[in-house]
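To start, the structure under review is shown below, and the notes come after it.
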Amino acid sequence: MTPVTIIMIEDDGGHARLIEKNVRAAGITNGITAFTDGASALRHLLGPDESGRISAGLALLILLDLNLPDMDGVDILRRLKENVHLRRTPVVILTTTDDEREVRRCYDLGCNVYITKPVDYARFATAVRQLGLFFSVIQVPEAP
Amino acid sequence: MPSPAQAPLQPEDRATRLLRRLGPRRQAILFAAGAAILLVNVAILAWTSQQSQSQSQWASHSLEVQNKLSDLLLLLRTAESEQRAYILLSARTAYRTSYLEAAKEIPDKVAEVRSMTADNPSQQARLAELEPIIQEKLEDLAIKVRLLDGGDMASAISLLSQDKGRELMTAIKERVAHICAVEQRLLATRSEDSTRASRQLLFVGMADSFAILLLGWLAISFSLRTTQSLEAAKAALEAKVEERVAELREANDELQSFAYIVGHDLRAPLVNIMGFTSELQTLRDAIFKQLAQAGEASNGKGFDDKAAEAEFDEAIGFIKAATVKMERLISAVLAISRTGKRELKPENLDMSALVNGVVATLAHEAQAVEAEIEVGTLPPVHCDRLAVEQVFANLLDNAIKYLRPGVPGRIRITGYAASGRVIYEVQDNGRGIAEADQRRVFELFRRAGAQDQRGEGIGLAHVRALVRRLGGSIKLASTLHGGSTFKVVLPCACAEQ
């Protein structure tokens, strides 16, 4: 079984750092590839031909923020879930948006976990660490 | 679109203009004209009918005069023939009596005719000519009768055979015929007058009817035009109002999504500030532990690490307090913007039960400050349950929080319905709000009075936003230290959205 790579799509460098710190604090040592905008993340995941074949055979876990500077995170989610190679890859939404409709929309599109970033750092840390624990037990399929 | 001034003047336009120039009084003018025509009509009818009545009266008068004249002739003939029979049939008294009766009636008849033609001088003149002849005739008849009465039958018969009696009779007949002919002519003129009068009546009637029809047509076309232009104006106005409402709604939506986006976007850096402040705090222990060890080694030259630690903690403390406060403010903005975005689901609400439910959730707080809450009978409303609950929860929470120290709290909720609205009043005997602050308390993040209670200054702003969203309003009546009354006015049926 290939080790799972965490793809983190998060434009805020501070958030990215805090997430990484807490994931590591939970004892997760998997590789984390960070992207600060949607376009470069999609290019990495789908490849230059946008077919997603480039990710075939990889075990990935995607950590996605919805508020990105260049595109709507929901659109990224849709693109991933529509792609034959990536649709089974678990996607965790970790964002500040707590609008009910937005949450519902993401689950409708096939997101696996939706977590609102708590402003209170203690709760934030707890949430991310619990997410880390979740990563350690989750079975991630290899992209076909 | 060409301006009306440049457009060629159509006849219809001209009519419209004329009507328009008559101004707003035009309906009244038309009505007055109609009424005037009707009045004239009635007057003319009355006059004409009276006229024709008198005409026909005059016509029958002429006929009567003619009748009297022929009666007179008949009487004269009767007198003559009876007298003749009396003389010729050897003094039979029956004829004499008949003669006397006829002769006696003749002057009366003449008098009747005279009085009947009193209005006509020429006929009177003719009668005056006729009367002496009749007198003479009667005298002539009387002479013969007197002769016979005296036994002189021969003289009487000889007088009979003379032509005088016949001549007199002929003269009388001629004159009577003349008078009759004059009456006949009069009759003809009078009936002609009568015909003319009724013809006039017909014309006047027709003209009147036509005028009234014209006025009616004017009035109808007028009110049609007015209705049309009114409807057009109304439609234009409605379109404009709709447009404005749509614009306002758009602006409102924009404002709300602005508040929402700002709230969220402010949260993101706050996560960092709080996160890294916490990280700094974790680092702090390591740093100062290290410093303490190093300080011991260098024997505390110049650097007071205890003071530095205290200052560090103070700075971190302020940053943390500020971020916590900022987080609460952002949450408030988000809560209010969420209020505007939430879909309203109006339902029939038993307000007494609803408010009692809210009071039950606050029972613990009320008991803690020994406040008594009394809920009156409240009129029902068709509205969004959650929004109404939030309104009363906030108002009651405030009432419980801001009581006067040392005065047992009395909070009363009353309500009544009036002209399509329901009015609820939340009255307390608490500390009250100074008049200068009464507007401020409804503003976001603004508070009034002693700041001895926790709060962000959100509650009343939220209440006002909710009440406005439900199509109602909220008013405050209060005096400092004299308690407050919040009056919530809602439509009986809140709008769907």
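So you can find residues: chains in the structure tokens are A, B, ... in the order shown, residues in each start at 1, and ligands are numbered from 1 in order.
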Exercise. Excluding same-chain residues fewer than 6 positions from B:Ser52, what lies within 9 Å of it counting only C-alpha atoms, as a PyMOL selection string?
Worked result: chain B and resi 193-195+197-198
Could you write out as a short mmCIF file (atom, residue, chain, number, x, y, z; two decimals) with C-alpha atoms, in the first residue's frame the residues of chain A within 9 Å of chain B, counting only C-alpha atoms?
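out-v7.cif, freshly written:
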data_model
loop_
_atom_site.label_atom_id
_atom_site.label_comp_id
_atom_site.auth_asym_id
_atom_site.auth_seq_id
_atom_site.Cartn_x
_atom_site.Cartn_y
_atom_site.Cartn_z
CA ASP A 12 -3.68 31.58 3.60
CA GLY A 14 -0.75 31.14 8.14
CA HIS A 15 -3.66 28.73 8.08
CA LEU A 18 -1.23 26.03 11.59
CA ASN A 67 -12.33 30.79 -0.15
CA THR A 95 -12.97 26.55 5.66
CA THR A 96 -14.30 29.59 7.56
CA THR A 97 -17.65 29.48 5.75
CA ASP A 98 -20.34 28.06 7.99
CA ASP A 99 -23.34 28.86 5.83
CA LYS A 117 -12.37 26.57 11.03
CA PRO A 118 -12.98 27.74 14.58
CA VAL A 119 -11.48 31.16 15.31
CA ASP A 120 -10.66 30.07 18.83
CA TYR A 121 -7.23 28.54 18.42
CA ALA A 122 -7.68 25.83 21.07
CA PHE A 124 -9.00 24.95 15.91
CA ALA A 125 -6.07 22.89 17.11
#
Output as a tab-separated table (two decimals) with N, CA and C atoms, in the first residue's frame all residues of chain A that backbone DSSP marks as strand (DSSP E or B).
chain	number	residue	atom	x	y	z
A	5	THR	N	-0.71	10.66	0.32
A	5	THR	CA	-0.22	12.04	0.27
A	5	THR	C	-1.38	12.99	0.53
A	6	ILE	N	-1.14	13.96	1.41
A	6	ILE	CA	-2.18	14.96	1.67
A	6	ILE	C	-1.96	16.14	0.74
A	7	ILE	N	-2.99	16.45	-0.04
A	7	ILE	CA	-2.95	17.62	-0.92
A	7	ILE	C	-3.69	18.74	-0.19
A	8	MET	N	-2.98	19.79	0.19
A	8	MET	CA	-3.63	20.88	0.92
A	8	MET	C	-3.78	22.08	-0.02
A	9	ILE	N	-5.05	22.47	-0.25
A	9	ILE	CA	-5.30	23.64	-1.10
A	9	ILE	C	-5.80	24.75	-0.17
A	32	ILE	N	2.82	16.23	2.83
A	32	ILE	CA	1.78	17.22	2.56
A	32	ILE	C	2.25	18.09	1.39
A	33	THR	N	1.45	18.12	0.31
A	33	THR	CA	1.75	19.01	-0.80
A	33	THR	C	0.78	20.18	-0.72
A	34	ALA	N	1.34	21.39	-0.57
A	34	ALA	CA	0.46	22.55	-0.37
A	34	ALA	C	0.34	23.38	-1.64
A	35	PHE	N	-0.86	23.87	-1.90
A	35	PHE	CA	-1.10	24.79	-3.02
A	35	PHE	C	-1.83	26.01	-2.46
A	59	ALA	N	-2.53	7.37	-3.93
A	59	ALA	CA	-3.45	7.46	-2.78
A	59	ALA	C	-3.37	8.88	-2.25
A	60	LEU	N	-4.44	9.59	-2.44
A	60	LEU	CA	-4.45	11.01	-2.08
A	60	LEU	C	-5.55	11.32	-1.07
A	61	LEU	N	-5.34	12.39	-0.34
A	61	LEU	CA	-6.40	12.92	0.53
A	61	LEU	C	-6.35	14.44	0.34
A	62	ILE	N	-7.47	15.00	-0.02
A	62	ILE	CA	-7.45	16.42	-0.38
A	62	ILE	C	-8.08	17.26	0.74
A	63	LEU	N	-7.33	18.27	1.16
A	63	LEU	CA	-7.79	19.21	2.19
A	63	LEU	C	-8.06	20.53	1.45
A	64	LEU	N	-9.32	20.92	1.42
A	64	LEU	CA	-9.68	22.04	0.52
A	64	LEU	C	-10.32	23.20	1.30
A	67	ASN	N	-12.58	29.40	0.25
A	67	ASN	CA	-12.33	30.79	-0.15
A	67	ASN	C	-10.92	30.92	-0.74
A	72	ASP	N	-13.67	29.48	-7.02
A	72	ASP	CA	-14.52	29.02	-5.93
A	72	ASP	C	-14.13	27.58	-5.59
A	91	VAL	N	-12.25	14.01	0.10
A	91	VAL	CA	-12.03	15.47	0.13
A	91	VAL	C	-12.54	15.99	1.47
A	92	VAL	N	-11.67	16.67	2.19
A	92	VAL	CA	-12.07	17.30	3.46
A	92	VAL	C	-12.11	18.80	3.23
A	93	ILE	N	-13.29	19.39	3.45
A	93	ILE	CA	-13.41	20.85	3.33
A	93	ILE	C	-13.09	21.44	4.69
A	94	LEU	N	-12.13	22.33	4.71
A	94	LEU	CA	-11.76	22.99	5.97
A	94	LEU	C	-11.76	24.49	5.67
A	95	THR	N	-12.79	25.16	6.11
A	95	THR	CA	-12.97	26.55	5.66
A	95	THR	C	-13.62	27.39	6.75
A	113	VAL	N	-15.93	15.22	4.33
A	113	VAL	CA	-16.03	15.86	5.64
A	113	VAL	C	-16.04	17.36	5.44
A	114	TYR	N	-16.89	18.04	6.22
A	114	TYR	CA	-16.91	19.50	6.14
A	114	TYR	C	-16.62	20.02	7.54
A	115	ILE	N	-15.54	20.78	7.69
A	115	ILE	CA	-15.19	21.32	9.00
A	115	ILE	C	-15.07	22.84	8.90
A	116	THR	N	-15.75	23.54	9.82
A	116	THR	CA	-15.60	24.99	9.86
A	116	THR	C	-14.40	25.32	10.74
A	142	GLU	N	-6.66	3.87	-3.84
A	142	GLU	CA	-5.75	4.38	-4.86
A	142	GLU	C	-6.58	4.81	-6.05
Problem set entry | Residue set, stretch 4-135 of chain A restricted to helix (DSSP H, G or I), as number ranges by chain | A: 13-25, 38-46, 53-55, 73-82, 100-109, 121-135
Exercise. To one decimal place, how far is atom CA of B:Ala366 from atom CA of B:Leu386 in Å?
Worked result: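 Separation between atom CA of B:Ala366 and atom CA of B:Leu386: 21.7 Å.
Relative to atom CA of B:Thr339, atom CA of A:Asn112 is found at 28.4 Å.
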Exercise. Interatomic distance between atom CA of A:Asp49 and atom CA of A:Leu86?
Worked result: 14.4 Å
For this session: Using only C-alpha atoms, pick whichever of A:Val84, A:Asp108, A:Asn22, A:Asp11 has the shortest atom-to-atom distance to A:Ala127.
Result: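 Comparing A:Val84, A:Asp108, A:Asn22, A:Asp11 against A:Ala127, the winner is A:Asn22.
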